[in-house]
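Undergrad: One structure follows; several queries about it will come next.
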Amino acid sequence: MTEQATSEAPACGLEETASESAHVPPTGPSGDTAAPQAPGGKQAPGGERASEPQESAPQPPEPEASAAPAAPTATDPALPREDVPSAPLLLAVEDVSDSSVTVSWEPPESLGRLGLQGYVLELRREGALDWEPVNVRPMMVTQLTVRNLAVGDKFFVRVAAVSSAGAGPPAVLEQLVHIQETIEAPKIRVPRHLRQTYIRQVGESINLQIPFQGNPKPQVLWTHNGHALDSQRVSVRTGDQDSILFIRSAQRSDSGCYELTVQLKGLEAKAAVNILVIEKPGPPSSIRLLDVWSCNAALEWTPPQDTGNTELLGYTVQKADEKTGRWFTVLERYHPTTCTVSDLIVGNSYSFRVFSENLCGLSASAAATKELAHIVKTDVVAKPKSFVERDFSEAPSFTQPLADHTSTPGYSTQLSCSVRASPKPKIIWMKNKMDIQGNPKYRALSEQGVCTLEIRKPSPFDSGVYTCKAINVLGEASVDCRLEVKASATH
């Protein structure tokens, strides 16, 4: 057995650890070391073959009193029981990867009379009889990682505590440690632009790059609408991290659902990408001129037989004057299949045509009317309707009567009412049945049917019953009220 073990990392300081271990307290930092070498230049589990054969290591000098001796075997019967430490506690595997294993333990209950020098970890491969040390010199750690292991290695693990008197009984891990390849569950990451229907035109290329994850490399399978791909039209290239589906020139038959399945040791992930291959639609099947009147023309057509493998966005309607032959667009993206074209010029003749439209654009050709729409000037004859004159004649009637009123002497007051009549009535004001027309004390007004009598500076003598009478050829009407003029109180 060589005295120095091969390690991935720079030398882990085994020489220094051995010489200084007597001064390190038994608290547990973790250590790193490589798998031990087997005789003949081969490493024990997972090790690589040494690049050069090493000469036999020189024998170490006789240990002094202060130096840490090499670990004696735990089975030495000459060692007193109280001089060596007891077995470490709670030996367990912390982590296993595809190239390393990490084990940990707790310090022993008894450290021995001479104190603890460190620990020695040993491996025994499945089917072998000999234990091979991982660290030749004792290390004052309670966790150790063994690296440079190979996939498929199987071995047992034990650890022994070492004092200056020798190694104590080892703690042996009961279960077998098996180095296996780490399995990462497959996962597919569909790009954002492929999470909705992927639309391409006929003749364009289709290039789908779908990333995935999985370790070891998983098996990848593509299907089209549940069936295997046509290798004559579709090529697939799969790498370690993605799969690429390529179609050089897309056809409408390439439309459908493409499903990617990633399988790894009983695990699988699936992702679907919907592809729609489209082209320009065909023209409307037929078109006819329904009617022409005034400056308008009515058209009707039937939808196209081929929509281009996608929905129509509508129809484009155009007109052309027979004199110029130039086409002008009347309607765009028009959905119904009937329309009325207005504002046609009198005296001209028109042709009409209709295009279909989808995401690829307008149809290559249009459906055109066979006959012309002639806009003819027509004579317009005015036919006035007979008018019946209405008779608005009405006898007088008061819509708002006079109201009783109380006034103060010396302050002018007004009496008002409203009358409706046709023809306009004659208004007569009376006081106590006596006509007061022409009396300068009173002023009578009549405007828009509102009759007003103003009494200037009334006195108690002006108290009485006032009457307003309206007379026309159809009749008469009257209303009256009482006016009371209160005299001023005397002191």
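Residues in the structure tokens are named by chain (A, B, ... in the order shown) and by number from 1 within that chain; ligands are numbered from 1 in the order shown.
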Excluding segment 197-207 of chain A and residues on its chain fewer than 3 positions from it, collect all residues at most 10 Å away from it, counting only C-alpha atoms, and give them as a short mmCIF file (atom, residue, chain, number, x, y, z; two decimals) with all heavy atoms, in the first residue's frame.
TA:
```
data_model
loop_
_atom_site.label_atom_id
_atom_site.label_comp_id
_atom_site.auth_asym_id
_atom_site.auth_seq_id
_atom_site.Cartn_x
_atom_site.Cartn_y
_atom_site.Cartn_z
N HIS A 193 -42.95 31.45 -28.80
CA HIS A 193 -43.64 31.63 -30.09
C HIS A 193 -44.24 30.33 -30.61
O HIS A 193 -45.02 30.35 -31.57
CB HIS A 193 -42.69 32.23 -31.13
CG HIS A 193 -41.61 31.28 -31.58
ND1 HIS A 193 -40.48 31.02 -30.81
CD2 HIS A 193 -41.50 30.52 -32.70
CE1 HIS A 193 -39.72 30.16 -31.46
NE2 HIS A 193 -40.30 29.83 -32.60
N LEU A 194 -43.90 29.19 -30.00
CA LEU A 194 -44.47 27.91 -30.43
C LEU A 194 -45.59 27.43 -29.52
O LEU A 194 -46.15 26.37 -29.74
CB LEU A 194 -43.37 26.84 -30.48
CG LEU A 194 -42.24 27.07 -31.50
CD1 LEU A 194 -41.22 25.96 -31.42
CD2 LEU A 194 -42.80 27.19 -32.91
N ILE A 210 -36.54 22.70 -30.24
CA ILE A 210 -37.16 22.53 -28.93
C ILE A 210 -36.09 22.11 -27.93
O ILE A 210 -35.55 21.00 -28.02
CB ILE A 210 -38.28 21.47 -28.97
CG1 ILE A 210 -39.25 21.73 -30.14
CG2 ILE A 210 -39.03 21.45 -27.65
CD1 ILE A 210 -40.03 23.00 -30.02
N VAL A 234 -39.60 15.13 -43.76
CA VAL A 234 -39.24 15.73 -42.47
C VAL A 234 -37.92 15.13 -42.00
O VAL A 234 -37.74 13.90 -42.02
CB VAL A 234 -40.35 15.47 -41.41
CG1 VAL A 234 -40.00 16.20 -40.11
CG2 VAL A 234 -41.70 15.93 -41.94
N SER A 235 -37.01 16.00 -41.58
CA SER A 235 -35.75 15.54 -41.00
C SER A 235 -35.66 16.02 -39.55
O SER A 235 -36.11 17.12 -39.22
CB SER A 235 -34.55 16.08 -41.80
OG SER A 235 -34.55 17.50 -41.81
N VAL A 236 -35.11 15.17 -38.70
CA VAL A 236 -34.98 15.47 -37.27
C VAL A 236 -33.54 15.28 -36.86
O VAL A 236 -32.90 14.27 -37.21
CB VAL A 236 -35.89 14.54 -36.43
CG1 VAL A 236 -35.64 14.78 -34.93
CG2 VAL A 236 -37.35 14.79 -36.76
N ILE A 244 -34.27 19.32 -33.21
CA ILE A 244 -34.64 20.22 -34.31
C ILE A 244 -35.41 19.42 -35.35
O ILE A 244 -34.95 18.38 -35.84
CB ILE A 244 -33.39 20.85 -34.95
CG1 ILE A 244 -32.61 21.67 -33.90
CG2 ILE A 244 -33.78 21.73 -36.12
CD1 ILE A 244 -31.31 22.24 -34.41
N LEU A 245 -36.63 19.91 -35.67
CA LEU A 245 -37.44 19.34 -36.74
C LEU A 245 -37.42 20.31 -37.91
O LEU A 245 -37.71 21.51 -37.74
CB LEU A 245 -38.87 19.11 -36.26
CG LEU A 245 -39.84 18.46 -37.24
CD1 LEU A 245 -40.81 17.53 -36.51
CD2 LEU A 245 -40.65 19.51 -38.00
N PHE A 246 -37.08 19.81 -39.10
CA PHE A 246 -36.90 20.68 -40.26
C PHE A 246 -37.67 20.15 -41.46
O PHE A 246 -37.60 18.95 -41.76
CB PHE A 246 -35.40 20.79 -40.59
CG PHE A 246 -35.12 21.67 -41.77
CD1 PHE A 246 -35.21 23.06 -41.66
CD2 PHE A 246 -34.77 21.13 -43.00
CE1 PHE A 246 -34.96 23.88 -42.75
CE2 PHE A 246 -34.52 21.93 -44.09
CZ PHE A 246 -34.60 23.32 -43.97
N ILE A 247 -38.42 21.05 -42.10
CA ILE A 247 -39.10 20.75 -43.37
C ILE A 247 -38.67 21.82 -44.37
O ILE A 247 -38.89 23.02 -44.13
CB ILE A 247 -40.64 20.76 -43.21
CG1 ILE A 247 -41.07 19.74 -42.14
CG2 ILE A 247 -41.33 20.50 -44.53
CD1 ILE A 247 -42.56 19.76 -41.85
N ARG A 248 -38.06 21.41 -45.47
CA ARG A 248 -37.47 22.37 -46.39
C ARG A 248 -38.53 23.20 -47.10
O ARG A 248 -38.41 24.42 -47.21
CB ARG A 248 -36.60 21.64 -47.42
CG ARG A 248 -35.86 22.58 -48.36
CD ARG A 248 -34.89 21.79 -49.23
NE ARG A 248 -33.92 21.08 -48.41
CZ ARG A 248 -32.81 21.67 -47.92
NH1 ARG A 248 -32.58 22.95 -48.15
NH2 ARG A 248 -31.98 20.96 -47.19
N SER A 249 -39.59 22.57 -47.60
CA SER A 249 -40.64 23.28 -48.33
C SER A 249 -41.99 22.77 -47.81
O SER A 249 -42.39 21.64 -48.10
CB SER A 249 -40.51 23.04 -49.84
OG SER A 249 -41.54 23.70 -50.54
N ALA A 250 -42.68 23.62 -47.05
CA ALA A 250 -43.91 23.20 -46.38
C ALA A 250 -45.05 23.07 -47.37
O ALA A 250 -45.18 23.86 -48.32
CB ALA A 250 -44.27 24.21 -45.28
N GLN A 251 -45.88 22.06 -47.15
CA GLN A 251 -47.11 21.85 -47.90
C GLN A 251 -48.29 21.85 -46.93
O GLN A 251 -48.11 21.70 -45.72
CB GLN A 251 -47.04 20.53 -48.69
CG GLN A 251 -45.89 20.44 -49.68
CD GLN A 251 -46.00 21.49 -50.79
OE1 GLN A 251 -47.10 21.84 -51.21
NE2 GLN A 251 -44.85 21.97 -51.25
N ARG A 252 -49.49 22.00 -47.48
CA ARG A 252 -50.66 22.04 -46.61
C ARG A 252 -50.84 20.73 -45.85
O ARG A 252 -51.38 20.71 -44.74
CB ARG A 252 -51.90 22.37 -47.44
CG ARG A 252 -51.93 23.81 -47.88
CD ARG A 252 -52.99 24.11 -48.91
NE ARG A 252 -54.33 23.86 -48.43
CZ ARG A 252 -55.42 24.30 -49.05
NH1 ARG A 252 -55.31 25.03 -50.16
NH2 ARG A 252 -56.61 24.03 -48.58
N SER A 253 -50.35 19.64 -46.41
CA SER A 253 -50.46 18.35 -45.72
C SER A 253 -49.56 18.28 -44.49
O SER A 253 -49.73 17.39 -43.65
CB SER A 253 -50.10 17.21 -46.68
OG SER A 253 -48.77 17.37 -47.18
N ASP A 254 -48.63 19.22 -44.36
CA ASP A 254 -47.75 19.24 -43.19
C ASP A 254 -48.43 19.88 -41.98
O ASP A 254 -47.85 19.90 -40.89
CB ASP A 254 -46.46 20.01 -43.50
CG ASP A 254 -45.63 19.32 -44.57
OD1 ASP A 254 -45.61 18.08 -44.58
OD2 ASP A 254 -45.01 20.01 -45.39
N SER A 255 -49.62 20.41 -42.15
CA SER A 255 -50.35 21.00 -41.03
C SER A 255 -50.75 19.90 -40.04
O SER A 255 -50.93 18.74 -40.41
CB SER A 255 -51.60 21.73 -41.52
OG SER A 255 -51.26 22.75 -42.43
N GLY A 256 -50.88 20.27 -38.79
CA GLY A 256 -51.31 19.31 -37.77
C GLY A 256 -50.56 19.48 -36.47
O GLY A 256 -49.88 20.50 -36.24
N CYS A 257 -50.67 18.48 -35.62
CA CYS A 257 -50.07 18.50 -34.29
C CYS A 257 -48.80 17.65 -34.29
O CYS A 257 -48.85 16.45 -34.56
CB CYS A 257 -51.06 17.99 -33.24
SG CYS A 257 -50.39 17.92 -31.57
N VAL A 273 -46.76 20.91 -30.59
CA VAL A 273 -46.67 22.15 -31.37
C VAL A 273 -47.65 22.02 -32.54
O VAL A 273 -47.57 21.06 -33.32
CB VAL A 273 -45.24 22.38 -31.89
CG1 VAL A 273 -45.19 23.64 -32.74
CG2 VAL A 273 -44.27 22.48 -30.73
N ASN A 274 -48.58 22.97 -32.63
CA ASN A 274 -49.56 22.97 -33.72
C ASN A 274 -49.05 23.84 -34.86
O ASN A 274 -48.71 25.01 -34.66
CB ASN A 274 -50.91 23.50 -33.22
CG ASN A 274 -51.56 22.56 -32.23
OD1 ASN A 274 -51.69 21.36 -32.49
ND2 ASN A 274 -51.98 23.08 -31.09
N ILE A 275 -49.00 23.25 -36.04
CA ILE A 275 -48.51 23.95 -37.24
C ILE A 275 -49.65 24.05 -38.24
O ILE A 275 -50.39 23.09 -38.47
CB ILE A 275 -47.31 23.20 -37.86
CG1 ILE A 275 -46.15 23.17 -36.86
CG2 ILE A 275 -46.88 23.84 -39.16
CD1 ILE A 275 -44.93 22.43 -37.37
N LEU A 276 -49.79 25.25 -38.83
CA LEU A 276 -50.81 25.49 -39.85
C LEU A 276 -50.12 26.07 -41.08
O LEU A 276 -49.50 27.13 -41.02
CB LEU A 276 -51.88 26.46 -39.34
CG LEU A 276 -53.03 26.77 -40.30
CD1 LEU A 276 -53.82 25.51 -40.61
CD2 LEU A 276 -53.94 27.85 -39.72
N VAL A 277 -50.18 25.34 -42.17
CA VAL A 277 -49.58 25.77 -43.44
C VAL A 277 -50.71 26.30 -44.33
O VAL A 277 -51.65 25.56 -44.63
CB VAL A 277 -48.82 24.63 -44.13
CG1 VAL A 277 -48.17 25.11 -45.41
CG2 VAL A 277 -47.77 24.04 -43.19
N ILE A 278 -50.60 27.56 -44.74
CA ILE A 278 -51.69 28.22 -45.46
C ILE A 278 -51.18 28.78 -46.79
O ILE A 278 -49.97 28.88 -47.02
CB ILE A 278 -52.33 29.35 -44.62
CG1 ILE A 278 -51.29 30.43 -44.33
CG2 ILE A 278 -52.88 28.80 -43.31
CD1 ILE A 278 -51.84 31.63 -43.59
N GLU A 279 -52.13 29.16 -47.64
CA GLU A 279 -51.82 29.83 -48.90
C GLU A 279 -52.99 30.75 -49.26
O GLU A 279 -54.00 30.80 -48.55
CB GLU A 279 -51.59 28.80 -50.01
CG GLU A 279 -52.77 27.88 -50.29
CD GLU A 279 -52.44 26.85 -51.36
OE1 GLU A 279 -51.50 27.09 -52.13
OE2 GLU A 279 -53.12 25.82 -51.41
N LYS A 280 -52.85 31.49 -50.36
CA LYS A 280 -53.90 32.43 -50.76
C LYS A 280 -55.18 31.68 -51.12
O LYS A 280 -55.13 30.57 -51.65
CB LYS A 280 -53.44 33.27 -51.95
CG LYS A 280 -52.33 34.25 -51.60
CD LYS A 280 -51.97 35.11 -52.80
CE LYS A 280 -50.91 36.14 -52.42
NZ LYS A 280 -50.55 37.01 -53.58
N GLY A 308 -57.84 28.49 -48.62
CA GLY A 308 -56.41 28.55 -48.34
C GLY A 308 -56.01 27.89 -47.04
O GLY A 308 -54.97 28.22 -46.47
N THR A 310 -57.34 28.23 -44.13
CA THR A 310 -57.52 29.10 -42.97
C THR A 310 -58.78 29.92 -43.16
O THR A 310 -59.41 29.88 -44.23
CB THR A 310 -56.30 30.03 -42.77
OG1 THR A 310 -56.48 30.78 -41.57
CG2 THR A 310 -56.17 31.00 -43.93
N LEU A 359 -55.04 35.44 -44.40
CA LEU A 359 -53.79 35.95 -43.84
C LEU A 359 -52.69 36.09 -44.88
O LEU A 359 -51.77 36.90 -44.71
CB LEU A 359 -53.31 35.01 -42.72
CG LEU A 359 -54.12 35.03 -41.43
CD1 LEU A 359 -53.63 33.95 -40.48
CD2 LEU A 359 -54.04 36.40 -40.77
N CYS A 360 -52.78 35.34 -45.98
CA CYS A 360 -51.77 35.43 -47.03
C CYS A 360 -52.02 36.58 -47.98
O CYS A 360 -51.14 36.93 -48.77
CB CYS A 360 -51.72 34.11 -47.82
SG CYS A 360 -51.08 32.73 -46.86
#
```
Undergrad: Between A:Leu123, A:Pro88, A:Pro186, A:Arg420, which one has atoms that come closest to Ser110 of chain A, using only C-alpha atoms?
TA: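 Of A:Leu123, A:Pro88, A:Pro186, A:Arg420, the one nearest Ser110 of chain A, counting only C-alpha atoms, is A:Pro88.
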Undergrad: Could you produce a table of the residues of segment 361-419 of chain A lying within 9 Å of segment 340-356 of chain A, with the nearest pair of atoms per residue and their separation in Å rounded to one decimal, using only C-alpha atoms, ordered by chain and increasing residue number, as CSV?
TA:
```
residue,atom,partner,partner_atom,distance
A:Gly361,CA,A:Ser356,CA,8.3
A:Leu362,CA,A:Ser356,CA,5.7
A:Ser363,CA,A:Ser356,CA,5.3
A:Ala364,CA,A:Phe355,CA,8.2
A:Ser365,CA,A:Phe355,CA,6.9
A:Ala366,CA,A:Phe355,CA,4.7
A:Ala367,CA,A:Val354,CA,5.3
A:Ala368,CA,A:Arg353,CA,4.0
A:Thr369,CA,A:Phe352,CA,5.6
A:Lys370,CA,A:Ser351,CA,7.8
A:Glu371,CA,A:Ser351,CA,7.3
A:Leu372,CA,A:Ser351,CA,5.4
A:Ala373,CA,A:Tyr350,CA,5.0
A:His374,CA,A:Ser349,CA,4.4
A:Ile375,CA,A:Val346,CA,5.0
A:Val376,CA,A:Gly347,CA,5.4
A:Lys377,CA,A:Val346,CA,5.9
```
Undergrad: Write the residues you've just listed into a file as an mmCIF file, in the first residue's frame, and include C-alpha atoms for each of them.
TA:
```cif
data_model
loop_
_atom_site.group_PDB
_atom_site.id
_atom_site.type_symbol
_atom_site.label_atom_id
_atom_site.label_comp_id
_atom_site.auth_asym_id
_atom_site.auth_seq_id
_atom_site.Cartn_x
_atom_site.Cartn_y
_atom_site.Cartn_z
ATOM 1 C CA GLY A 361 -53.514 38.276 -48.846
ATOM 2 C CA LEU A 362 -55.992 38.654 -51.698
ATOM 3 C CA SER A 363 -56.866 35.797 -54.039
ATOM 4 C CA ALA A 364 -54.844 35.620 -57.238
ATOM 5 C CA SER A 365 -57.966 36.281 -59.344
ATOM 6 C CA ALA A 366 -61.397 37.803 -58.803
ATOM 7 C CA ALA A 367 -65.000 36.981 -59.696
ATOM 8 C CA ALA A 368 -66.295 39.692 -62.082
ATOM 9 C CA THR A 369 -69.815 40.566 -63.272
ATOM 10 C CA LYS A 370 -70.632 39.672 -66.871
ATOM 11 C CA GLU A 371 -73.217 42.424 -67.475
ATOM 12 C CA LEU A 372 -72.743 46.161 -67.009
ATOM 13 C CA ALA A 373 -74.695 48.343 -64.613
ATOM 14 C CA HIS A 374 -76.056 51.292 -66.639
ATOM 15 C CA ILE A 375 -76.866 54.351 -64.569
ATOM 16 C CA VAL A 376 -79.650 56.126 -66.528
ATOM 17 C CA LYS A 377 -80.954 59.608 -65.811
#
```
Undergrad: Determine the nearest neighbour of Val450 of chain A from the options A:Phe212, A:Tyr411, A:Phe398, A:Trp429, counting only C-alpha atoms.
TA: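 Ranked by minimum distance to Val450 of chain A, first place goes to A:Phe398.
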Undergrad: Go ahead and compute the interatomic distance for atom CA of Leu173 of chain A and atom CA of Val101 of chain A, in Å to one decimal.
TA: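 Straight-line distance from atom CA of Leu173 of chain A to atom CA of Val101 of chain A works out to 13.0 Å.
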Undergrad: Run DSSP on the backbone and grab whatever in segment 248-398 of chain A lands in strand (DSSP E or B); send it over as a PyMOL selection string.
TA: chain A and resi 256-264+267-278+287-293+296-301+314-321+327-334+338-341+349-358+361-362+367-368+373-374+394-398
